file run.cif (mmCIF, C-alpha atoms)
data_upload
loop_
_atom_site.group_PDB
_atom_site.id
_atom_site.type_symbol
_atom_site.label_atom_id
_atom_site.label_comp_id
_atom_site.auth_asym_id
_atom_site.auth_seq_id
_atom_site.Cartn_x
_atom_site.Cartn_y
_atom_site.Cartn_z
ATOM 1 C CA MET A 21 18.035 27.296 -93.859
ATOM 2 C CA GLU A 22 17.702 23.606 -94.650
ATOM 3 C CA GLN A 23 16.347 21.942 -91.509
ATOM 4 C CA ARG A 24 18.007 18.713 -92.448
ATOM 5 C CA ASP A 25 21.403 20.393 -92.062
ATOM 6 C CA GLU A 26 20.801 23.034 -89.437
ATOM 7 C CA THR A 27 18.247 24.492 -87.067
ATOM 8 C CA ALA A 28 18.620 26.921 -84.189
ATOM 9 C CA SER A 29 19.682 24.061 -81.921
ATOM 10 C CA LEU A 30 21.435 21.485 -84.134
ATOM 11 C CA ILE A 31 23.923 21.521 -87.003
ATOM 12 C CA SER A 32 25.260 18.623 -89.050
ATOM 13 C CA ALA A 33 28.974 17.900 -89.211
ATOM 14 C CA GLY A 34 28.611 18.006 -92.994
ATOM 15 C CA LYS A 35 27.480 21.614 -92.792
ATOM 16 C CA VAL A 36 30.354 22.561 -90.470
ATOM 17 C CA GLN A 37 32.903 20.967 -92.807
ATOM 18 C CA GLY A 38 33.900 23.531 -95.414
ATOM 19 C CA THR A 39 32.688 26.543 -93.420
ATOM 20 C CA ASN A 40 35.030 29.527 -93.554
ATOM 21 C CA VAL A 41 36.915 30.712 -90.480
ATOM 22 C CA TYR A 42 37.612 34.413 -89.923
ATOM 23 C CA ASN A 43 39.397 36.437 -87.290
ATOM 24 C CA THR A 44 37.796 39.428 -85.592
ATOM 25 C CA GLN A 45 39.382 41.716 -88.217
ATOM 26 C CA GLY A 46 37.433 39.842 -90.890
ATOM 27 C CA ASP A 47 40.470 38.128 -92.448
ATOM 28 C CA ASN A 48 39.644 34.743 -93.962
ATOM 29 C CA LEU A 49 41.968 32.332 -92.160
ATOM 30 C CA GLY A 50 40.920 29.067 -93.780
ATOM 31 C CA GLU A 51 38.064 26.633 -93.569
ATOM 32 C CA VAL A 52 36.909 23.839 -91.306
ATOM 33 C CA TYR A 53 38.263 20.607 -92.744
ATOM 34 C CA ASP A 54 36.732 18.323 -90.121
ATOM 35 C CA VAL A 55 35.763 18.098 -86.470
ATOM 36 C CA MET A 56 37.193 15.691 -83.900
ATOM 37 C CA ILE A 57 34.762 13.927 -81.575
ATOM 38 C CA ASP A 58 35.726 12.852 -78.044
ATOM 39 C CA LYS A 59 34.551 9.238 -77.967
ATOM 40 C CA ARG A 60 34.074 9.107 -74.206
ATOM 41 C CA SER A 61 31.808 12.139 -73.812
ATOM 42 C CA GLY A 62 30.455 12.471 -77.356
ATOM 43 C CA LYS A 63 31.559 16.106 -77.350
ATOM 44 C CA ILE A 64 33.235 17.907 -80.212
ATOM 45 C CA ALA A 65 36.821 18.461 -79.110
ATOM 46 C CA TYR A 66 38.324 20.348 -82.078
ATOM 47 C CA ALA A 67 37.576 21.960 -85.358
ATOM 48 C CA VAL A 68 40.497 21.124 -87.646
ATOM 49 C CA MET A 69 41.008 24.154 -89.869
ATOM 50 C CA SER A 70 42.830 23.766 -93.178
ATOM 51 C CA PHE A 71 44.799 26.649 -94.623
ATOM 52 C CA GLY A 72 47.390 27.546 -97.192
ATOM 53 C CA GLY A 73 46.681 24.846 -99.752
ATOM 54 C CA PHE A 74 45.234 24.871 -103.220
ATOM 55 C CA LEU A 75 42.516 22.498 -104.431
ATOM 56 C CA GLY A 76 43.063 20.308 -101.395
ATOM 57 C CA MET A 77 46.770 19.865 -102.029
ATOM 58 C CA GLY A 78 49.473 21.138 -99.732
ATOM 59 C CA ASN A 79 47.103 21.962 -96.916
ATOM 60 C CA ASN A 80 48.270 22.331 -93.371
ATOM 61 C CA TYR A 81 45.942 22.334 -90.399
ATOM 62 C CA HIS A 82 45.335 24.128 -87.123
ATOM 63 C CA PRO A 83 43.431 22.249 -84.431
ATOM 64 C CA LEU A 84 41.097 24.809 -82.834
ATOM 65 C CA PRO A 85 39.383 23.956 -79.538
ATOM 66 C CA TRP A 86 35.708 23.815 -80.471
ATOM 67 C CA ASN A 87 34.701 26.306 -77.766
ATOM 68 C CA THR A 88 36.940 29.018 -79.298
ATOM 69 C CA LEU A 89 34.740 29.240 -82.414
ATOM 70 C CA LYS A 90 31.752 31.552 -82.551
ATOM 71 C CA TYR A 91 29.430 31.438 -85.537
ATOM 72 C CA ASP A 92 28.758 34.789 -87.212
ATOM 73 C CA THR A 93 25.573 34.767 -89.264
ATOM 74 C CA ARG A 94 26.557 37.899 -91.213
ATOM 75 C CA GLN A 95 29.813 36.392 -92.550
ATOM 76 C CA GLU A 96 28.293 32.892 -92.585
ATOM 77 C CA GLY A 97 31.444 31.624 -90.967
ATOM 78 C CA TYR A 98 33.168 30.980 -87.696
ATOM 79 C CA VAL A 99 35.125 33.714 -85.943
ATOM 80 C CA VAL A 100 38.148 33.014 -83.775
ATOM 81 C CA GLY A 101 39.705 35.792 -81.707
ATOM 82 C CA LEU A 102 43.246 35.629 -83.074
ATOM 83 C CA THR A 103 45.218 37.898 -85.392
ATOM 84 C CA LYS A 104 46.787 36.344 -88.488
ATOM 85 C CA GLU A 105 50.177 36.649 -86.769
ATOM 86 C CA GLN A 106 48.936 34.835 -83.650
ATOM 87 C CA LEU A 107 47.531 32.073 -85.816
ATOM 88 C CA GLU A 108 50.828 31.688 -87.680
ATOM 89 C CA ARG A 109 52.482 30.708 -84.384
ATOM 90 C CA ALA A 110 49.560 28.483 -83.356
ATOM 91 C CA PRO A 111 49.804 24.690 -82.993
ATOM 92 C CA THR A 112 49.938 23.243 -86.493
ATOM 93 C CA ILE A 113 49.391 19.804 -87.980
ATOM 94 C CA ARG A 114 51.511 19.580 -91.100
ATOM 95 C CA ARG A 115 50.417 17.593 -94.093
ATOM 96 C CA ASP A 116 51.368 13.913 -93.519
ATOM 97 C CA GLU A 117 51.924 14.600 -89.827
ATOM 98 C CA ASN A 118 49.923 12.569 -87.331
ATOM 99 C CA PRO A 119 48.845 14.656 -84.350
ATOM 100 C CA ALA A 120 49.290 13.163 -80.891
ATOM 101 C CA TRP A 121 45.582 13.044 -80.088
ATOM 102 C CA GLY A 122 45.133 11.512 -76.660
ATOM 103 C CA ASP A 123 48.500 12.766 -75.402
ATOM 104 C CA ARG A 124 47.357 15.086 -72.617
ATOM 105 C CA ASN A 125 50.523 17.234 -72.757
ATOM 106 C CA TYR A 126 50.040 17.820 -76.481
ATOM 107 C CA GLU A 127 46.354 18.562 -76.107
ATOM 108 C CA GLN A 128 46.847 20.780 -73.046
ATOM 109 C CA GLY A 129 49.362 22.802 -75.073
ATOM 110 C CA ILE A 130 46.769 23.431 -77.774
ATOM 111 C CA HIS A 131 44.230 24.608 -75.215
ATOM 112 C CA ASP A 132 46.810 26.763 -73.407
ATOM 113 C CA TYR A 133 47.616 28.559 -76.657
ATOM 114 C CA TYR A 134 43.977 29.552 -77.066
ATOM 115 C CA LYS A 135 43.401 30.001 -73.297
ATOM 116 C CA ALA A 136 40.532 27.561 -73.755
ATOM 117 C CA ALA A 137 38.979 25.241 -71.170
ATOM 118 C CA PRO A 138 39.889 21.616 -72.019
ATOM 119 C CA TYR A 139 36.989 19.498 -73.258
ATOM 120 C CA TRP A 140 37.993 16.703 -70.869
ATOM 121 C CA ALA A 141 37.725 18.861 -67.718
ATOM 122 C CA MET B 21 44.902 3.427 -87.809
ATOM 123 C CA GLU B 22 45.518 6.899 -89.175
ATOM 124 C CA GLN B 23 46.016 9.167 -86.157
ATOM 125 C CA ARG B 24 44.746 12.108 -88.126
ATOM 126 C CA ASP B 25 41.326 10.438 -88.337
ATOM 127 C CA GLU B 26 41.137 8.371 -85.187
ATOM 128 C CA THR B 27 42.922 7.481 -81.981
ATOM 129 C CA ALA B 28 41.743 5.639 -78.896
ATOM 130 C CA SER B 29 40.185 8.863 -77.595
ATOM 131 C CA LEU B 30 39.156 10.908 -80.658
ATOM 132 C CA ILE B 31 37.508 10.244 -84.008
ATOM 133 C CA SER B 32 36.845 12.642 -86.868
ATOM 134 C CA ALA B 33 33.330 13.214 -88.141
ATOM 135 C CA GLY B 34 34.667 12.385 -91.606
ATOM 136 C CA LYS B 35 35.617 8.917 -90.400
ATOM 137 C CA VAL B 36 32.207 8.362 -88.793
ATOM 138 C CA GLN B 37 30.408 9.388 -91.983
ATOM 139 C CA GLY B 38 30.063 6.345 -94.203
ATOM 140 C CA THR B 39 30.644 3.820 -91.414
ATOM 141 C CA ASN B 40 28.338 0.798 -91.568
ATOM 142 C CA VAL B 41 25.671 0.190 -88.947
ATOM 143 C CA TYR B 42 24.753 -3.352 -87.875
ATOM 144 C CA ASN B 43 22.285 -4.857 -85.446
ATOM 145 C CA THR B 44 23.295 -7.423 -82.860
ATOM 146 C CA GLN B 45 22.401 -10.236 -85.320
ATOM 147 C CA GLY B 46 25.054 -8.866 -87.697
ATOM 148 C CA ASP B 47 22.575 -7.561 -90.301
ATOM 149 C CA ASN B 48 23.859 -4.517 -92.166
ATOM 150 C CA LEU B 49 21.206 -1.850 -91.542
ATOM 151 C CA GLY B 50 22.721 1.057 -93.447
ATOM 152 C CA GLU B 51 25.492 3.570 -92.963
ATOM 153 C CA VAL B 52 26.084 6.778 -91.060
ATOM 154 C CA TYR B 53 25.245 9.630 -93.420
ATOM 155 C CA ASP B 54 26.081 12.420 -90.983
ATOM 156 C CA VAL B 55 26.065 13.378 -87.325
ATOM 157 C CA MET B 56 24.052 16.206 -85.746
ATOM 158 C CA ILE B 57 25.831 18.450 -83.248
ATOM 159 C CA ASP B 58 23.990 20.162 -80.383
ATOM 160 C CA LYS B 59 25.206 23.758 -80.709
ATOM 161 C CA ARG B 60 24.678 24.638 -77.049
ATOM 162 C CA SER B 61 26.660 21.797 -75.488
ATOM 163 C CA GLY B 62 28.908 20.831 -78.398
ATOM 164 C CA LYS B 63 27.743 17.228 -77.980
ATOM 165 C CA ILE B 64 26.830 14.855 -80.780
ATOM 166 C CA ALA B 65 23.064 14.422 -80.574
ATOM 167 C CA TYR B 66 22.348 11.953 -83.411
ATOM 168 C CA ALA B 67 23.913 9.779 -85.998
ATOM 169 C CA VAL B 68 21.720 10.060 -89.090
ATOM 170 C CA MET B 69 21.745 6.628 -90.730
ATOM 171 C CA SER B 70 20.859 6.313 -94.409
ATOM 172 C CA PHE B 71 19.271 3.155 -95.718
ATOM 173 C CA GLY B 72 17.433 1.704 -98.661
ATOM 174 C CA GLY B 73 18.865 3.864 -101.404
ATOM 175 C CA PHE B 74 21.176 3.191 -104.299
ATOM 176 C CA LEU B 75 24.181 5.352 -105.197
ATOM 177 C CA GLY B 76 22.928 8.077 -102.884
ATOM 178 C CA MET B 77 19.519 8.297 -104.588
ATOM 179 C CA GLY B 78 16.270 7.451 -102.870
ATOM 180 C CA ASN B 79 17.771 7.247 -99.424
ATOM 181 C CA ASN B 80 15.692 7.548 -96.308
ATOM 182 C CA TYR B 81 17.162 8.187 -92.891
ATOM 183 C CA HIS B 82 16.831 7.076 -89.299
ATOM 184 C CA PRO B 83 18.008 9.497 -86.606
ATOM 185 C CA LEU B 84 19.766 7.361 -83.984
ATOM 186 C CA PRO B 85 20.566 8.893 -80.594
ATOM 187 C CA TRP B 86 24.362 8.951 -80.520
ATOM 188 C CA ASN B 87 24.533 7.059 -77.213
ATOM 189 C CA THR B 88 22.718 4.054 -78.728
ATOM 190 C CA LEU B 89 25.662 3.277 -81.042
ATOM 191 C CA LYS B 90 28.522 1.069 -79.921
ATOM 192 C CA TYR B 91 31.542 0.638 -82.138
ATOM 193 C CA ASP B 92 32.539 -2.935 -82.887
ATOM 194 C CA THR B 93 36.154 -3.243 -83.979
ATOM 195 C CA ARG B 94 35.653 -6.706 -85.480
ATOM 196 C CA GLN B 95 32.915 -5.581 -87.895
ATOM 197 C CA GLU B 96 34.492 -2.123 -88.231
ATOM 198 C CA GLY B 97 31.061 -0.645 -87.772
ATOM 199 C CA TYR B 98 28.536 0.575 -85.253
ATOM 200 C CA VAL B 99 26.121 -1.806 -83.594
ATOM 201 C CA VAL B 100 22.634 -0.793 -82.480
ATOM 202 C CA GLY B 101 20.511 -3.149 -80.407
ATOM 203 C CA LEU B 102 17.459 -3.374 -82.679
ATOM 204 C CA THR B 103 16.134 -6.082 -84.944
ATOM 205 C CA LYS B 104 15.474 -5.206 -88.582
ATOM 206 C CA GLU B 105 11.750 -5.257 -87.804
ATOM 207 C CA GLN B 106 12.154 -2.848 -84.877
ATOM 208 C CA LEU B 107 14.146 -0.512 -87.083
ATOM 209 C CA GLU B 108 11.481 -0.577 -89.778
ATOM 210 C CA ARG B 109 9.044 0.975 -87.310
ATOM 211 C CA ALA B 110 11.646 3.440 -86.001
ATOM 212 C CA PRO B 111 11.409 7.222 -86.481
ATOM 213 C CA THR B 112 12.262 7.950 -90.096
ATOM 214 C CA ILE B 113 13.269 11.034 -92.022
ATOM 215 C CA ARG B 114 12.065 10.574 -95.568
ATOM 216 C CA ARG B 115 13.958 11.993 -98.499
ATOM 217 C CA ASP B 116 12.990 15.676 -98.942
ATOM 218 C CA GLU B 117 11.440 15.733 -95.471
ATOM 219 C CA ASN B 118 12.780 18.252 -92.982
ATOM 220 C CA PRO B 119 12.980 16.819 -89.468
ATOM 221 C CA ALA B 120 11.665 18.954 -86.610
ATOM 222 C CA TRP B 121 15.034 19.324 -84.879
ATOM 223 C CA GLY B 122 14.603 21.521 -81.829
ATOM 224 C CA ASP B 123 10.973 20.440 -81.279
ATOM 225 C CA ARG B 124 11.269 18.724 -77.905
ATOM 226 C CA ASN B 125 8.210 16.507 -78.454
ATOM 227 C CA TYR B 126 9.632 15.221 -81.723
ATOM 228 C CA GLU B 127 13.070 14.664 -80.247
ATOM 229 C CA GLN B 128 11.730 13.077 -77.051
ATOM 230 C CA GLY B 129 9.796 10.629 -79.230
ATOM 231 C CA ILE B 130 12.987 9.559 -80.978
ATOM 232 C CA HIS B 131 14.730 8.966 -77.653
ATOM 233 C CA ASP B 132 11.702 7.147 -76.218
ATOM 234 C CA TYR B 133 11.737 4.732 -79.150
ATOM 235 C CA TYR B 134 15.325 3.761 -78.374
ATOM 236 C CA LYS B 135 14.873 4.095 -74.574
ATOM 237 C CA ALA B 136 17.837 6.465 -74.735
ATOM 238 C CA ALA B 137 18.708 9.286 -72.330
ATOM 239 C CA PRO B 138 18.141 12.636 -74.082
ATOM 240 C CA TYR B 139 21.320 14.544 -74.897
ATOM 241 C CA TRP B 140 19.798 17.738 -73.446
ATOM 242 C CA ALA B 141 19.144 16.243 -69.983
#
call {"tool": "encode", "arguments": {"input": "run.cif", "output": "structure tokens"}}
result
Amino acid sequence: MEQRDETASLISAGKVQGTNVYNTQGDNLGEVYDVMIDKRSGKIAYAVMSFGGFLGMGNNYHPLPWNTLKYDTRQEGYVVGLTKEQLERAPTIRRDENPAWGDRNYEQGIHDYYKAAPYWA
Amino acid sequence: MEQRDETASLISAGKVQGTNVYNTQGDNLGEVYDVMIDKRSGKIAYAVMSFGGFLGMGNNYHPLPWNTLKYDTRQEGYVVGLTKEQLERAPTIRRDENPAWGDRNYEQGIHDYYKAAPYWA
């Protein structure tokens, strides 16, 4: 473990970016493309997971509330408690689509889907 | 403004990485290399600012408590309230040095230097 990138208490955004995301069945769902930071609180609001593309082209994205991700040291990736089918119906950001970050209805809908506590509460 | 990367409320880590850092005199001090996330709270703990290198080689780093950075839209960069001389004496992570993240004495010292409230308080 490179201390520059990660210790028991801290992890760099650069290390999170590119980390695989699995469901509890062990299916590889995609990887973390980026994380979104709430400017007001300084808290991570979302991991934006890319999926379905090839060599960075044609990717779509799922915004995952940050508190839905658990890191699994064995798989060296994040685990989210959704089946592949549940994730297919999950809120999606299509390539070239601009998500309505800051629109509370839009963001509440994302959190409702994952039954996650909103980061702004 | 690309909504995917930034809105009034949210900003991606990818957008923060590479953003210039200035002091209040307008001197360019370096750029944000990465941000460190506190795993427990999900809060950004530090911006790690690189300086003094060339084409990514020979860089050293200053860990800046996240709450010391203010974004200035005019300069399109972060502003930190230190002179160049104050920053030269600031806590530094040298190339190939592993910072003692998680060591409370080390981290308190960083926050003391900037008179910043610790992210864990």
call {"tool": "closest_atom_pairs", "arguments": {"input": "run.cif", "of": "chain B", "to": "chain A", "cutoff": "8 Å", "atoms": "all atoms listed in the file", "output": "tab-separated table"}}
result
residue	atom	partner	partner_atom	distance
B:Glu22	CA	A:Asn118	CA	7.4
B:Gln23	CA	A:Asn118	CA	5.3
B:Arg24	CA	A:Asn118	CA	5.3
B:Thr27	CA	A:Trp121	CA	6.5
B:Ala28	CA	A:Gly122	CA	7.1
B:Ser29	CA	A:Lys59	CA	5.7
B:Leu30	CA	A:Asp58	CA	4.7
B:Ile31	CA	A:Ile57	CA	5.2
B:Ser32	CA	A:Met56	CA	4.3
B:Ala33	CA	A:Val55	CA	5.7
B:Gly34	CA	A:Asp54	CA	6.5
B:Asp54	CA	A:Ala33	CA	6.4
B:Val55	CA	A:Ser32	CA	5.6
B:Met56	CA	A:Ser32	CA	4.3
B:Ile57	CA	A:Ile31	CA	5.2
B:Asp58	CA	A:Leu30	CA	4.7
B:Lys59	CA	A:Leu30	CA	5.6
B:Arg60	CA	A:Ser29	CA	7.0
B:Ser61	CA	A:Lys63	CA	7.7
B:Gly62	CA	A:Lys63	CA	5.5
B:Lys63	CA	A:Lys63	CA	4.0
B:Ile64	CA	A:Gly62	CA	5.5
B:Trp86	CA	A:Gly62	CA	7.7
B:Glu117	CA	A:Arg24	CA	7.8
B:Asn118	CA	A:Arg24	CA	5.3
B:Pro119	CA	A:Arg24	CA	6.1
B:Ala120	CA	A:Gln23	CA	7.4
B:Trp121	CA	A:Thr27	CA	6.5
B:Gly122	CA	A:Ser29	CA	5.7
call {"tool": "atom_distance", "arguments": {"input": "run.cif", "atom1": "atom CA of Val52 of chain B", "atom2": "atom CA of Gly38 of chain B"}}
result
5.1 Å
call {"tool": "atom_distance", "arguments": {"input": "run.cif", "atom1": "atom CA of Glu96 of chain B", "atom2": "atom CA of Arg114 of chain B"}}
result
26.8 Å
call {"tool": "atom_distance", "arguments": {"input": "run.cif", "atom1": "atom CA of Gln45 of chain A", "atom2": "atom CA of Gly101 of chain A"}}
result
8.8 Å
call {"tool": "closest_residue", "arguments": {"input": "run.cif", "among": "A:Ala141, A:Arg109, A:His131, A:Asn43", "to": "Pro85 of chain A", "atoms": "all atoms listed in the file"}}
result
A:His131
call {"tool": "closest_residue", "arguments": {"input": "run.cif", "among": "A:Tyr133, A:Gln128, A:Pro138, A:Gln95", "to": "Ala110 of chain A", "atoms": "all atoms listed in the file"}}
result
A:Tyr133
call {"tool": "resolve_selection", "arguments": {"input": "run.cif", "expression": "the PyMOL selection byres ((chain A and resi 103) around 12)", "output": "PDB file with C-alpha atoms, in the coordinates of the input"}}
result
ATOM      1  CA  TYR A  42      37.612  34.413 -89.923  1.00  0.00           C
ATOM      2  CA  ASN A  43      39.397  36.437 -87.290  1.00  0.00           C
ATOM      3  CA  THR A  44      37.796  39.428 -85.592  1.00  0.00           C
ATOM      4  CA  GLN A  45      39.382  41.716 -88.217  1.00  0.00           C
ATOM      5  CA  GLY A  46      37.433  39.842 -90.890  1.00  0.00           C
ATOM      6  CA  ASP A  47      40.470  38.128 -92.448  1.00  0.00           C
ATOM      7  CA  ASN A  48      39.644  34.743 -93.962  1.00  0.00           C
ATOM      8  CA  LEU A  49      41.968  32.332 -92.160  1.00  0.00           C
ATOM      9  CA  VAL A  99      35.125  33.714 -85.943  1.00  0.00           C
ATOM     10  CA  VAL A 100      38.148  33.014 -83.775  1.00  0.00           C
ATOM     11  CA  GLY A 101      39.705  35.792 -81.707  1.00  0.00           C
ATOM     12  CA  LEU A 102      43.246  35.629 -83.074  1.00  0.00           C
ATOM     13  CA  LYS A 104      46.787  36.344 -88.488  1.00  0.00           C
ATOM     14  CA  GLU A 105      50.177  36.649 -86.769  1.00  0.00           C
ATOM     15  CA  GLN A 106      48.936  34.835 -83.650  1.00  0.00           C
ATOM     16  CA  LEU A 107      47.531  32.073 -85.816  1.00  0.00           C
ATOM     17  CA  GLU A 108      50.828  31.688 -87.680  1.00  0.00           C
ATOM     18  CA  ARG A 109      52.482  30.708 -84.384  1.00  0.00           C
ATOM     19  CA  ALA A 110      49.560  28.483 -83.356  1.00  0.00           C
ATOM     20  CA  TYR A 134      43.977  29.552 -77.066  1.00  0.00           C
TER      21      TYR A 134
END
call {"tool": "decode", "arguments": {"input": "run.cif", "residues": "segment 36-63 of chain A", "atoms": "C-alpha atoms", "output": "compact mmCIF listing (two decimals), in the first residue's frame"}}
result
# COMPACT_ATOMS: atom_id res chain seq x y z
CA VAL A 36 -10.57 5.84 -6.31
CA GLN A 37 -10.80 6.76 -10.00
CA GLY A 38 -10.52 3.58 -12.04
CA THR A 39 -11.40 1.24 -9.16
CA ASN A 40 -13.74 -1.59 -10.13
CA VAL A 41 -17.29 -1.78 -8.81
CA TYR A 42 -18.92 -5.14 -8.07
CA ASN A 43 -22.30 -6.26 -6.83
CA THR A 44 -22.70 -8.67 -3.93
CA GLN A 45 -22.81 -11.58 -6.42
CA GLY A 46 -19.31 -10.62 -7.55
CA ASP A 47 -20.36 -9.35 -10.99
CA ASN A 48 -18.11 -6.57 -12.29
CA LEU A 49 -20.50 -3.68 -12.94
CA GLY A 50 -18.04 -1.05 -14.15
CA GLU A 51 -15.47 1.26 -12.68
CA VAL A 52 -15.38 4.56 -10.84
CA TYR A 53 -14.89 7.27 -13.44
CA ASP A 54 -14.83 10.17 -10.99
CA VAL A 55 -16.24 11.42 -7.71
CA MET A 56 -18.40 14.51 -7.21
CA ILE A 57 -17.57 16.80 -4.30
CA ASP A 58 -20.22 18.88 -2.52
CA LYS A 59 -18.62 22.33 -2.46
CA ARG A 60 -20.50 23.53 0.61
CA SER A 61 -19.61 20.69 2.97
CA GLY A 62 -16.50 19.30 1.27
CA LYS A 63 -18.10 15.86 1.33
